[in-house]
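All remarks here apply to the structure that follows.
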Amino acid sequence: MACVSAGAQKPAESTCKPLYLTFDTGHMDIAPLIAEVLKRQGVKATFFAANERTKEGDGSLGDHWAPWWKARAAEGHEFASHTWQHDYWRSDLAGSPVRFQVRPSAGPQAGQNLTWSAKQYCESIALAANRLTSITGKKALPIYRAPGGKTSPTLLKAAAQCGYKHAGWSPAGFLGDELPSEKYPNAVLLKNALANIREGDILLAHLGIWSRRDPWAPAVLEPLIVGLKNKGFCFATLREHPDFKGWITSHGG
């Protein structure tokens, strides 16, 4: 990672404070604008993807959006799974072998409560990871993010046993684009983020939230990045995060 001081002609290694910007999939309507901001600002991010319903095309991991993902790979971003149908963990089920109740929010089983084995949960993670690898030509990282951040120790153990470590986000890194804009306008979210984000935080936003009336991105994204840079922060992907770097290396990442 490198920072540029005021008036510097070249990037130089410095003591800039790293942050880890991540995006989960969404309706994708604002994805091209987010990509423009990241490219303009020279920021690399980590994208967690499920095959979610989109405003345009055949799902966020469908053929329509495949060129968008491939272009992000060429720019040096990283990718990881968010489970295939954005499958929410709801509970651990009693008994042996290990089983979970899950509820997909996308795909033909959206809204249904399903009973899955640990193997089925792992297959859902792998399906999105393999699709990302296929369409980008870049191997997805061996980490994943459970939809909504909802997990249990048993779920995390099952995912780790099949090669995927869970990556959540920092409390201050919740950037609020899921919240209703009537109560949490963009100006308030930007102010809170600039005040509360600290070195090492993992930041979370989405590639489009259906329910938010006043979209958070790209309106807040660029002012936030500029403001954080001005406070001495720099950006890296989760490949470089101290909690994941060793895991990624040892699990074929």
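Identifiers for the structure tokens are assigned positionally: chains receive A, B, ... in sequence, residues are indexed from 1 per chain, and ligands are indexed from 1 in the order shown.
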If we count only C-alpha atoms and set the cut-off at 9 Å, which residues sit around Pro97 (chain A), ignoring sequence neighbours fewer than 3 positions away in its own chain? Please answer as a VMD selection string.
chain A and resid 94 117 to 118
Quick one: which region 55-173 of chain A residues come within 7 Å of region 197-212 of chain A, and what is the nearest atom pair for each with the distance in Å to one decimal, counting only C-alpha atoms, rows ordered by chain and ascending number, as CSV?
```
residue,atom,partner,partner_atom,distance
A:Trp169,CA,A:Ile202,CA,4.9
A:Ser170,CA,A:Ile202,CA,5.2
A:Ala172,CA,A:Ile197,CA,5.4
A:Gly173,CA,A:Leu203,CA,3.9
```
Spatial neighbours of region 243-253 of chain A, max dist 9 Å, only C-alpha atoms, sep filter under 6 positions, as a short mmCIF file (atom, residue, chain, number, x, y, z; two decimals) with all heavy atoms, in the first residue's frame:
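For reference, part32.cif as written:
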```cif
data_model
loop_
_atom_site.label_atom_id
_atom_site.label_comp_id
_atom_site.auth_asym_id
_atom_site.auth_seq_id
_atom_site.Cartn_x
_atom_site.Cartn_y
_atom_site.Cartn_z
N LYS A 139 -9.16 -16.27 -9.71
CA LYS A 139 -9.64 -17.17 -8.67
C LYS A 139 -10.23 -16.38 -7.51
O LYS A 139 -9.60 -15.45 -6.99
CB LYS A 139 -8.50 -18.05 -8.18
CG LYS A 139 -8.93 -19.11 -7.17
CD LYS A 139 -7.78 -20.03 -6.83
CE LYS A 139 -8.16 -21.03 -5.76
NZ LYS A 139 -9.27 -21.91 -6.19
N ALA A 140 -11.45 -16.73 -7.12
CA ALA A 140 -12.08 -16.09 -5.97
C ALA A 140 -11.31 -16.44 -4.70
O ALA A 140 -10.75 -17.53 -4.56
CB ALA A 140 -13.53 -16.54 -5.84
N LEU A 141 -11.29 -15.51 -3.76
CA LEU A 141 -10.60 -15.74 -2.50
C LEU A 141 -11.33 -16.82 -1.69
O LEU A 141 -12.56 -16.94 -1.77
CB LEU A 141 -10.56 -14.45 -1.68
CG LEU A 141 -9.82 -13.26 -2.30
CD1 LEU A 141 -9.96 -12.03 -1.40
CD2 LEU A 141 -8.36 -13.59 -2.54
N PRO A 142 -10.62 -17.60 -0.88
CA PRO A 142 -11.24 -18.64 -0.06
C PRO A 142 -11.84 -18.08 1.23
O PRO A 142 -11.61 -18.59 2.33
CB PRO A 142 -10.08 -19.61 0.21
CG PRO A 142 -8.88 -18.72 0.26
CD PRO A 142 -9.14 -17.66 -0.80
N ILE A 143 -12.59 -17.02 1.08
CA ILE A 143 -13.33 -16.42 2.18
C ILE A 143 -14.76 -16.20 1.70
O ILE A 143 -15.03 -16.28 0.50
CB ILE A 143 -12.71 -15.08 2.66
CG1 ILE A 143 -12.67 -14.06 1.51
CG2 ILE A 143 -11.31 -15.30 3.22
CD1 ILE A 143 -12.14 -12.68 1.92
N GLY A 163 -13.07 -24.94 3.62
CA GLY A 163 -12.08 -24.05 3.03
C GLY A 163 -12.44 -22.58 2.94
O GLY A 163 -11.74 -21.82 2.28
N TYR A 164 -13.52 -22.15 3.62
CA TYR A 164 -13.94 -20.76 3.53
C TYR A 164 -14.01 -20.12 4.92
O TYR A 164 -14.74 -20.57 5.79
CB TYR A 164 -15.32 -20.66 2.87
CG TYR A 164 -15.32 -21.10 1.43
CD1 TYR A 164 -15.69 -22.40 1.09
CD2 TYR A 164 -14.92 -20.24 0.41
CE1 TYR A 164 -15.69 -22.82 -0.23
CE2 TYR A 164 -14.90 -20.65 -0.91
CZ TYR A 164 -15.29 -21.95 -1.22
OH TYR A 164 -15.28 -22.37 -2.53
N LYS A 165 -13.25 -19.05 5.10
CA LYS A 165 -13.26 -18.30 6.35
C LYS A 165 -14.21 -17.12 6.21
O LYS A 165 -14.24 -16.44 5.19
CB LYS A 165 -11.85 -17.80 6.68
CG LYS A 165 -11.75 -17.10 8.03
CD LYS A 165 -10.30 -16.79 8.38
CE LYS A 165 -10.21 -16.16 9.76
NZ LYS A 165 -8.80 -15.92 10.17
N ALA A 167 -15.82 -13.49 6.56
CA ALA A 167 -15.34 -12.10 6.61
C ALA A 167 -16.53 -11.18 6.85
O ALA A 167 -17.36 -10.99 5.97
CB ALA A 167 -14.65 -11.73 5.30
#
```
Within 10 Å of region 35-57 of chain A, which residues of region 83-171 of chain A show up? Give each one with its shortest atom-to-atom distance in Å (one decimal) and the two atoms involved, counting only C-alpha atoms, rows by chain then rising residue number, as a tab-separated table.
```
residue	atom	partner	partner_atom	distance
A:Thr83	CA	A:Ala50	CA	5.5
A:Trp84	CA	A:Ala50	CA	4.8
A:Gln85	CA	A:Asn51	CA	5.7
A:His86	CA	A:Ala50	CA	5.4
A:Asp87	CA	A:Ala50	CA	8.7
A:Pro104	CA	A:Glu52	CA	9.8
A:Ser105	CA	A:Glu52	CA	7.8
A:Ala106	CA	A:Glu52	CA	5.3
A:Gly107	CA	A:Glu52	CA	7.3
A:Ser124	CA	A:Ala50	CA	9.4
A:Ile125	CA	A:Ala50	CA	8.8
A:Leu127	CA	A:Ala50	CA	9.1
A:Ala128	CA	A:Ala50	CA	6.0
A:Ala129	CA	A:Ala49	CA	8.0
A:Arg131	CA	A:Asn51	CA	9.4
A:Leu132	CA	A:Ala49	CA	7.9
A:Ala140	CA	A:Phe48	CA	9.5
A:Leu141	CA	A:Thr46	CA	9.4
A:Ile143	CA	A:Phe48	CA	9.2
A:Tyr144	CA	A:Phe48	CA	7.1
A:Arg145	CA	A:Phe48	CA	6.8
A:Ala146	CA	A:Phe48	CA	9.5
A:Pro147	CA	A:Ala50	CA	9.0
A:Ala167	CA	A:Phe48	CA	9.6
```
Counting only C-alpha atoms, what is within 12 Å of Asn186 (chain A), bar same-chain residues fewer than 2 positions away, as a PDB file with all heavy atoms, in the first residue's frame?
```pdb
ATOM      1  N   LEU A 175     -21.665   1.180   6.496  1.00  0.00           N
ATOM      2  CA  LEU A 175     -21.799   2.511   5.901  1.00  0.00           C
ATOM      3  C   LEU A 175     -23.244   2.970   5.746  1.00  0.00           C
ATOM      4  O   LEU A 175     -23.496   4.111   5.370  1.00  0.00           O
ATOM      5  CB  LEU A 175     -21.063   2.560   4.560  1.00  0.00           C
ATOM      6  CG  LEU A 175     -19.552   2.299   4.680  1.00  0.00           C
ATOM      7  CD1 LEU A 175     -18.898   2.256   3.307  1.00  0.00           C
ATOM      8  CD2 LEU A 175     -18.885   3.344   5.561  1.00  0.00           C
ATOM      9  N   GLY A 176     -24.196   2.092   6.031  1.00  0.00           N
ATOM     10  CA  GLY A 176     -25.580   2.526   6.177  1.00  0.00           C
ATOM     11  C   GLY A 176     -26.405   2.608   4.925  1.00  0.00           C
ATOM     12  O   GLY A 176     -27.513   3.147   4.951  1.00  0.00           O
ATOM     13  N   ASP A 177     -25.915   2.071   3.801  1.00  0.00           N
ATOM     14  CA  ASP A 177     -26.712   2.184   2.580  1.00  0.00           C
ATOM     15  C   ASP A 177     -27.939   1.282   2.605  1.00  0.00           C
ATOM     16  O   ASP A 177     -28.817   1.403   1.749  1.00  0.00           O
ATOM     17  CB  ASP A 177     -25.861   1.902   1.344  1.00  0.00           C
ATOM     18  CG  ASP A 177     -25.268   0.509   1.308  1.00  0.00           C
ATOM     19  OD1 ASP A 177     -25.158  -0.125   2.378  1.00  0.00           O
ATOM     20  OD2 ASP A 177     -24.891   0.050   0.221  1.00  0.00           O
ATOM     21  N   GLU A 178     -28.040   0.388   3.581  1.00  0.00           N
ATOM     22  CA  GLU A 178     -29.247  -0.438   3.749  1.00  0.00           C
ATOM     23  C   GLU A 178     -30.337   0.283   4.528  1.00  0.00           C
ATOM     24  O   GLU A 178     -31.483  -0.169   4.558  1.00  0.00           O
ATOM     25  CB  GLU A 178     -28.896  -1.722   4.494  1.00  0.00           C
ATOM     26  CG  GLU A 178     -28.019  -2.677   3.739  1.00  0.00           C
ATOM     27  CD  GLU A 178     -27.754  -3.928   4.543  1.00  0.00           C
ATOM     28  OE1 GLU A 178     -28.593  -4.852   4.507  1.00  0.00           O
ATOM     29  OE2 GLU A 178     -26.710  -3.984   5.213  1.00  0.00           O
ATOM     30  N   LEU A 179     -29.984   1.370   5.178  1.00  0.00           N
ATOM     31  CA  LEU A 179     -30.924   2.059   6.063  1.00  0.00           C
ATOM     32  C   LEU A 179     -31.864   2.962   5.266  1.00  0.00           C
ATOM     33  O   LEU A 179     -31.518   3.430   4.179  1.00  0.00           O
ATOM     34  CB  LEU A 179     -30.152   2.892   7.088  1.00  0.00           C
ATOM     35  CG  LEU A 179     -29.195   2.096   7.994  1.00  0.00           C
ATOM     36  CD1 LEU A 179     -28.365   3.054   8.849  1.00  0.00           C
ATOM     37  CD2 LEU A 179     -29.959   1.120   8.869  1.00  0.00           C
ATOM     38  N   PRO A 180     -33.066   3.249   5.796  1.00  0.00           N
ATOM     39  CA  PRO A 180     -34.003   4.127   5.084  1.00  0.00           C
ATOM     40  C   PRO A 180     -33.469   5.555   4.988  1.00  0.00           C
ATOM     41  O   PRO A 180     -33.025   6.124   5.978  1.00  0.00           O
ATOM     42  CB  PRO A 180     -35.276   4.055   5.928  1.00  0.00           C
ATOM     43  CG  PRO A 180     -34.825   3.614   7.279  1.00  0.00           C
ATOM     44  CD  PRO A 180     -33.645   2.724   7.058  1.00  0.00           C
ATOM     45  N   SER A 181     -33.504   6.098   3.779  1.00  0.00           N
ATOM     46  CA  SER A 181     -32.937   7.428   3.571  1.00  0.00           C
ATOM     47  C   SER A 181     -33.728   8.514   4.290  1.00  0.00           C
ATOM     48  O   SER A 181     -33.201   9.596   4.551  1.00  0.00           O
ATOM     49  CB  SER A 181     -32.833   7.742   2.080  1.00  0.00           C
ATOM     50  OG  SER A 181     -34.061   7.532   1.420  1.00  0.00           O
ATOM     51  N   GLU A 182     -34.995   8.246   4.612  1.00  0.00           N
ATOM     52  CA  GLU A 182     -35.797   9.243   5.341  1.00  0.00           C
ATOM     53  C   GLU A 182     -35.223   9.487   6.740  1.00  0.00           C
ATOM     54  O   GLU A 182     -35.204  10.617   7.229  1.00  0.00           O
ATOM     55  CB  GLU A 182     -37.248   8.767   5.438  1.00  0.00           C
ATOM     56  CG  GLU A 182     -37.975   8.641   4.108  1.00  0.00           C
ATOM     57  CD  GLU A 182     -37.626   7.367   3.365  1.00  0.00           C
ATOM     58  OE1 GLU A 182     -36.939   6.490   3.940  1.00  0.00           O
ATOM     59  OE2 GLU A 182     -38.036   7.248   2.190  1.00  0.00           O
ATOM     60  N   LYS A 183     -34.757   8.421   7.381  1.00  0.00           N
ATOM     61  CA  LYS A 183     -34.195   8.553   8.723  1.00  0.00           C
ATOM     62  C   LYS A 183     -32.691   8.780   8.702  1.00  0.00           C
ATOM     63  O   LYS A 183     -32.136   9.377   9.635  1.00  0.00           O
ATOM     64  CB  LYS A 183     -34.495   7.292   9.552  1.00  0.00           C
ATOM     65  CG  LYS A 183     -35.910   7.188  10.050  1.00  0.00           C
ATOM     66  CD  LYS A 183     -36.014   6.001  11.010  1.00  0.00           C
ATOM     67  CE  LYS A 183     -37.396   5.926  11.622  1.00  0.00           C
ATOM     68  NZ  LYS A 183     -37.508   4.800  12.581  1.00  0.00           N
ATOM     69  N   TYR A 184     -32.053   8.264   7.660  1.00  0.00           N
ATOM     70  CA  TYR A 184     -30.599   8.333   7.589  1.00  0.00           C
ATOM     71  C   TYR A 184     -30.187   8.900   6.238  1.00  0.00           C
ATOM     72  O   TYR A 184     -29.747   8.167   5.343  1.00  0.00           O
ATOM     73  CB  TYR A 184     -29.999   6.937   7.780  1.00  0.00           C
ATOM     74  CG  TYR A 184     -30.349   6.300   9.103  1.00  0.00           C
ATOM     75  CD1 TYR A 184     -31.471   5.465   9.219  1.00  0.00           C
ATOM     76  CD2 TYR A 184     -29.578   6.534  10.239  1.00  0.00           C
ATOM     77  CE1 TYR A 184     -31.802   4.885  10.434  1.00  0.00           C
ATOM     78  CE2 TYR A 184     -29.903   5.953  11.452  1.00  0.00           C
ATOM     79  CZ  TYR A 184     -31.017   5.137  11.541  1.00  0.00           C
ATOM     80  OH  TYR A 184     -31.343   4.559  12.745  1.00  0.00           O
ATOM     81  N   VAL A 188     -25.898  12.567   6.620  1.00  0.00           N
ATOM     82  CA  VAL A 188     -25.683  12.034   7.977  1.00  0.00           C
ATOM     83  C   VAL A 188     -24.774  10.810   7.933  1.00  0.00           C
ATOM     84  O   VAL A 188     -23.856  10.673   8.751  1.00  0.00           O
ATOM     85  CB  VAL A 188     -27.035  11.692   8.631  1.00  0.00           C
ATOM     86  CG1 VAL A 188     -26.829  10.916   9.928  1.00  0.00           C
ATOM     87  CG2 VAL A 188     -27.823  12.967   8.891  1.00  0.00           C
ATOM     88  N   LEU A 189     -25.009   9.925   6.976  1.00  0.00           N
ATOM     89  CA  LEU A 189     -24.173   8.733   6.857  1.00  0.00           C
ATOM     90  C   LEU A 189     -22.721   9.094   6.551  1.00  0.00           C
ATOM     91  O   LEU A 189     -21.788   8.500   7.102  1.00  0.00           O
ATOM     92  CB  LEU A 189     -24.726   7.807   5.780  1.00  0.00           C
ATOM     93  CG  LEU A 189     -26.106   7.203   6.063  1.00  0.00           C
ATOM     94  CD1 LEU A 189     -26.538   6.332   4.895  1.00  0.00           C
ATOM     95  CD2 LEU A 189     -26.111   6.408   7.360  1.00  0.00           C
ATOM     96  N   LEU A 190     -22.527  10.069   5.682  1.00  0.00           N
ATOM     97  CA  LEU A 190     -21.169  10.508   5.350  1.00  0.00           C
ATOM     98  C   LEU A 190     -20.480  11.093   6.581  1.00  0.00           C
ATOM     99  O   LEU A 190     -19.330  10.750   6.892  1.00  0.00           O
ATOM    100  CB  LEU A 190     -21.218  11.542   4.222  1.00  0.00           C
ATOM    101  CG  LEU A 190     -19.882  12.181   3.832  1.00  0.00           C
ATOM    102  CD1 LEU A 190     -18.897  11.131   3.344  1.00  0.00           C
ATOM    103  CD2 LEU A 190     -20.099  13.244   2.758  1.00  0.00           C
ATOM    104  N   LYS A 191     -21.179  11.948   7.302  1.00  0.00           N
ATOM    105  CA  LYS A 191     -20.604  12.578   8.496  1.00  0.00           C
ATOM    106  C   LYS A 191     -20.220  11.529   9.532  1.00  0.00           C
ATOM    107  O   LYS A 191     -19.129  11.571  10.115  1.00  0.00           O
ATOM    108  CB  LYS A 191     -21.606  13.566   9.084  1.00  0.00           C
ATOM    109  CG  LYS A 191     -21.105  14.279  10.334  1.00  0.00           C
ATOM    110  CD  LYS A 191     -22.159  15.247  10.860  1.00  0.00           C
ATOM    111  CE  LYS A 191     -21.678  15.918  12.142  1.00  0.00           C
ATOM    112  NZ  LYS A 191     -22.723  16.849  12.684  1.00  0.00           N
ATOM    113  N   ASN A 192     -21.103  10.564   9.769  1.00  0.00           N
ATOM    114  CA  ASN A 192     -20.832   9.531  10.767  1.00  0.00           C
ATOM    115  C   ASN A 192     -19.631   8.671  10.377  1.00  0.00           C
ATOM    116  O   ASN A 192     -18.784   8.346  11.220  1.00  0.00           O
ATOM    117  CB  ASN A 192     -22.063   8.645  10.954  1.00  0.00           C
ATOM    118  CG  ASN A 192     -23.188   9.356  11.666  1.00  0.00           C
ATOM    119  OD1 ASN A 192     -22.978  10.398  12.301  1.00  0.00           O
ATOM    120  ND2 ASN A 192     -24.388   8.812  11.575  1.00  0.00           N
ATOM    121  N   ALA A 193     -19.568   8.312   9.097  1.00  0.00           N
ATOM    122  CA  ALA A 193     -18.458   7.471   8.650  1.00  0.00           C
ATOM    123  C   ALA A 193     -17.119   8.190   8.806  1.00  0.00           C
ATOM    124  O   ALA A 193     -16.149   7.617   9.311  1.00  0.00           O
ATOM    125  CB  ALA A 193     -18.670   7.057   7.201  1.00  0.00           C
ATOM    126  N   ARG A 212     -33.885   1.630  -0.542  1.00  0.00           N
ATOM    127  CA  ARG A 212     -33.433   2.983  -0.225  1.00  0.00           C
ATOM    128  C   ARG A 212     -33.876   3.964  -1.305  1.00  0.00           C
ATOM    129  O   ARG A 212     -33.524   3.835  -2.469  1.00  0.00           O
ATOM    130  CB  ARG A 212     -31.915   3.025  -0.039  1.00  0.00           C
ATOM    131  CG  ARG A 212     -31.437   4.372   0.502  1.00  0.00           C
ATOM    132  CD  ARG A 212     -29.980   4.324   0.932  1.00  0.00           C
ATOM    133  NE  ARG A 212     -29.492   5.641   1.319  1.00  0.00           N
ATOM    134  CZ  ARG A 212     -29.587   6.168   2.528  1.00  0.00           C
ATOM    135  NH1 ARG A 212     -30.152   5.470   3.494  1.00  0.00           N
ATOM    136  NH2 ARG A 212     -29.128   7.374   2.786  1.00  0.00           N
ATOM    137  N   ARG A 213     -34.620   4.976  -0.905  1.00  0.00           N
ATOM    138  CA  ARG A 213     -35.191   5.927  -1.859  1.00  0.00           C
ATOM    139  C   ARG A 213     -34.131   6.861  -2.432  1.00  0.00           C
ATOM    140  O   ARG A 213     -34.170   7.212  -3.613  1.00  0.00           O
ATOM    141  CB  ARG A 213     -36.299   6.731  -1.161  1.00  0.00           C
ATOM    142  CG  ARG A 213     -37.032   7.691  -2.089  1.00  0.00           C
ATOM    143  CD  ARG A 213     -38.195   8.348  -1.381  1.00  0.00           C
ATOM    144  NE  ARG A 213     -39.172   7.359  -0.912  1.00  0.00           N
ATOM    145  CZ  ARG A 213     -40.230   7.654  -0.170  1.00  0.00           C
ATOM    146  NH1 ARG A 213     -40.440   8.888   0.212  1.00  0.00           N
ATOM    147  NH2 ARG A 213     -41.066   6.707   0.200  1.00  0.00           N
ATOM    148  N   ASP A 214     -33.202   7.319  -1.598  1.00  0.00           N
ATOM    149  CA  ASP A 214     -32.130   8.213  -2.031  1.00  0.00           C
ATOM    150  C   ASP A 214     -30.837   7.407  -2.030  1.00  0.00           C
ATOM    151  O   ASP A 214     -30.214   7.235  -0.981  1.00  0.00           O
ATOM    152  CB  ASP A 214     -32.029   9.404  -1.068  1.00  0.00           C
ATOM    153  CG  ASP A 214     -31.004  10.425  -1.518  1.00  0.00           C
ATOM    154  OD1 ASP A 214     -30.592  10.384  -2.687  1.00  0.00           O
ATOM    155  OD2 ASP A 214     -30.600  11.267  -0.683  1.00  0.00           O
ATOM    156  N   PRO A 215     -30.416   6.862  -3.178  1.00  0.00           N
ATOM    157  CA  PRO A 215     -29.298   5.925  -3.187  1.00  0.00           C
ATOM    158  C   PRO A 215     -28.034   6.482  -2.542  1.00  0.00           C
ATOM    159  O   PRO A 215     -27.642   7.628  -2.775  1.00  0.00           O
ATOM    160  CB  PRO A 215     -29.086   5.650  -4.681  1.00  0.00           C
ATOM    161  CG  PRO A 215     -30.410   5.934  -5.304  1.00  0.00           C
ATOM    162  CD  PRO A 215     -30.980   7.077  -4.511  1.00  0.00           C
ATOM    163  N   TRP A 216     -27.403   5.635  -1.737  1.00  0.00           N
ATOM    164  CA  TRP A 216     -26.174   6.021  -1.041  1.00  0.00           C
ATOM    165  C   TRP A 216     -25.020   6.186  -2.025  1.00  0.00           C
ATOM    166  O   TRP A 216     -24.197   7.088  -1.894  1.00  0.00           O
ATOM    167  CB  TRP A 216     -25.844   4.941  -0.012  1.00  0.00           C
ATOM    168  CG  TRP A 216     -24.582   5.137   0.751  1.00  0.00           C
ATOM    169  CD1 TRP A 216     -24.436   5.797   1.935  1.00  0.00           C
ATOM    170  CD2 TRP A 216     -23.278   4.674   0.396  1.00  0.00           C
ATOM    171  NE1 TRP A 216     -23.135   5.765   2.346  1.00  0.00           N
ATOM    172  CE2 TRP A 216     -22.399   5.077   1.413  1.00  0.00           C
ATOM    173  CE3 TRP A 216     -22.769   3.943  -0.681  1.00  0.00           C
ATOM    174  CZ2 TRP A 216     -21.038   4.777   1.389  1.00  0.00           C
ATOM    175  CZ3 TRP A 216     -21.416   3.653  -0.715  1.00  0.00           C
ATOM    176  CH2 TRP A 216     -20.571   4.068   0.318  1.00  0.00           C
ATOM    177  N   ALA A 217     -24.963   5.288  -2.973  1.00  0.00           N
ATOM    178  CA  ALA A 217     -23.881   5.337  -3.962  1.00  0.00           C
ATOM    179  C   ALA A 217     -24.464   5.694  -5.322  1.00  0.00           C
ATOM    180  O   ALA A 217     -25.566   5.270  -5.649  1.00  0.00           O
ATOM    181  CB  ALA A 217     -23.165   3.991  -4.029  1.00  0.00           C
ATOM    182  N   PRO A 218     -23.687   6.484  -6.087  1.00  0.00           N
ATOM    183  CA  PRO A 218     -22.332   6.953  -5.774  1.00  0.00           C
ATOM    184  C   PRO A 218     -22.271   8.271  -5.017  1.00  0.00           C
ATOM    185  O   PRO A 218     -21.186   8.802  -4.791  1.00  0.00           O
ATOM    186  CB  PRO A 218     -21.714   7.118  -7.158  1.00  0.00           C
ATOM    187  CG  PRO A 218     -22.872   7.575  -8.004  1.00  0.00           C
ATOM    188  CD  PRO A 218     -24.086   6.831  -7.471  1.00  0.00           C
ATOM    189  N   ALA A 219     -23.426   8.805  -4.576  1.00  0.00           N
ATOM    190  CA  ALA A 219     -23.445  10.138  -3.970  1.00  0.00           C
ATOM    191  C   ALA A 219     -22.485  10.279  -2.791  1.00  0.00           C
ATOM    192  O   ALA A 219     -21.775  11.276  -2.668  1.00  0.00           O
ATOM    193  CB  ALA A 219     -24.870  10.475  -3.525  1.00  0.00           C
ATOM    194  N   VAL A 220     -22.443   9.278  -1.922  1.00  0.00           N
ATOM    195  CA  VAL A 220     -21.600   9.359  -0.726  1.00  0.00           C
ATOM    196  C   VAL A 220     -20.222   8.758  -0.968  1.00  0.00           C
ATOM    197  O   VAL A 220     -19.245   9.152  -0.339  1.00  0.00           O
ATOM    198  CB  VAL A 220     -22.285   8.645   0.461  1.00  0.00           C
ATOM    199  CG1 VAL A 220     -21.395   8.653   1.703  1.00  0.00           C
ATOM    200  CG2 VAL A 220     -23.622   9.307   0.781  1.00  0.00           C
ATOM    201  N   LEU A 221     -20.130   7.807  -1.884  1.00  0.00           N
ATOM    202  CA  LEU A 221     -18.906   7.029  -2.023  1.00  0.00           C
ATOM    203  C   LEU A 221     -17.677   7.887  -2.288  1.00  0.00           C
ATOM    204  O   LEU A 221     -16.658   7.763  -1.605  1.00  0.00           O
ATOM    205  CB  LEU A 221     -19.081   5.992  -3.133  1.00  0.00           C
ATOM    206  CG  LEU A 221     -17.874   5.099  -3.398  1.00  0.00           C
ATOM    207  CD1 LEU A 221     -17.478   4.316  -2.159  1.00  0.00           C
ATOM    208  CD2 LEU A 221     -18.153   4.160  -4.565  1.00  0.00           C
ATOM    209  N   PRO A 223     -17.150  11.326  -1.990  1.00  0.00           N
ATOM    210  CA  PRO A 223     -16.792  12.206  -0.873  1.00  0.00           C
ATOM    211  C   PRO A 223     -16.213  11.445   0.314  1.00  0.00           C
ATOM    212  O   PRO A 223     -15.314  11.950   1.003  1.00  0.00           O
ATOM    213  CB  PRO A 223     -18.119  12.877  -0.505  1.00  0.00           C
ATOM    214  CG  PRO A 223     -18.931  12.808  -1.742  1.00  0.00           C
ATOM    215  CD  PRO A 223     -18.551  11.527  -2.420  1.00  0.00           C
ATOM    216  N   LEU A 224     -16.704  10.236   0.554  1.00  0.00           N
ATOM    217  CA  LEU A 224     -16.179   9.441   1.659  1.00  0.00           C
ATOM    218  C   LEU A 224     -14.737   9.026   1.390  1.00  0.00           C
ATOM    219  O   LEU A 224     -13.872   9.170   2.262  1.00  0.00           O
ATOM    220  CB  LEU A 224     -17.049   8.194   1.861  1.00  0.00           C
ATOM    221  CG  LEU A 224     -16.577   7.216   2.937  1.00  0.00           C
ATOM    222  CD1 LEU A 224     -16.578   7.886   4.307  1.00  0.00           C
ATOM    223  CD2 LEU A 224     -17.435   5.965   2.940  1.00  0.00           C
TER     224      LEU A 224
END
```
Please, which residues of region 86-229 of chain A, numbered as in this document, come out strand (DSSP E or B) from DSSP, as a PyMOL selection string?
chain A and resi 87-93+99-104+114-117+143-144+165-166+174+202-206
Would you please give, as a PyMOL selection string, all residues of region 70-237 of chain A that DSSP assigns to alpha helix (DSSP H) based on the backbone?
chain A and resi 70-74+118-136+153-161+186-196+221-230
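CA of Cys122 (chain A) sits 7.6 Å away from CA of Ala158 (chain A).
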Would you kindly return, as a PyMOL selection string, each protein, DNA or RNA residue with an atom no farther than 10 Å from any atom of Ala66 (chain A), considering only C-alpha atoms and excluding same-chain residues fewer than 6 positions away?
chain A and resi 59-60+131-132+134-136
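Near Lys229 (chain A), within a cut-off of 10 Å and counting only C-alpha atoms, sit the residues A:Cys3, A:Val4, A:Cys16, A:Lys17, A:Gln41, A:Pro223, A:Leu224, A:Ile225, A:Phe233, A:Cys234, A:Phe235, with same-chain residues fewer than 4 positions away left out.
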Top pick for closest residue to Ala160 (chain A), considering A:Ala187, A:Tyr121, A:Asp24, A:Asn230 and counting only C-alpha atoms:
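For Ala160 (chain A), the nearest of the candidates is A:Tyr121.
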Which neighbours of Arg103 (chain A) fall inside 9 Å, counting only C-alpha atoms, when residues of the same chain fewer than 3 positions from it are skipped, and could you give them as a tab-separated table (two decimals) with C-alpha atoms, in the first residue's frame?
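See result11.tsv below for the written result:
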```tsv
chain	number	residue	atom	x	y	z
A	85	GLN	CA	-28.98	-17.50	-3.71
A	86	HIS	CA	-28.09	-15.01	-0.94
A	87	ASP	CA	-29.00	-17.72	1.56
A	88	TYR	CA	-29.65	-16.40	5.06
A	89	TRP	CA	-28.75	-18.64	7.99
A	90	ARG	CA	-31.73	-18.75	10.36
A	109	GLN	CA	-36.54	-20.76	-3.64
A	110	ALA	CA	-36.58	-17.16	-2.40
A	111	GLY	CA	-38.50	-16.75	0.84
A	112	GLN	CA	-38.67	-20.48	1.58
A	113	ASN	CA	-37.28	-22.03	4.76
A	114	LEU	CA	-34.94	-24.86	3.76
A	115	THR	CA	-33.09	-27.50	5.74
```
One number please: CA of Lys157 (chain A) to CA of Leu19 (chain A), in Å, one decimal.
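Separating CA of Lys157 (chain A) from CA of Leu19 (chain A) is a distance of 26.6 Å.
The residue that comes closest to His82 (chain A), out of A:Gln161, A:Thr133, A:Ser96, A:Thr25 and on the basis of only C-alpha atoms, is A:Thr25.
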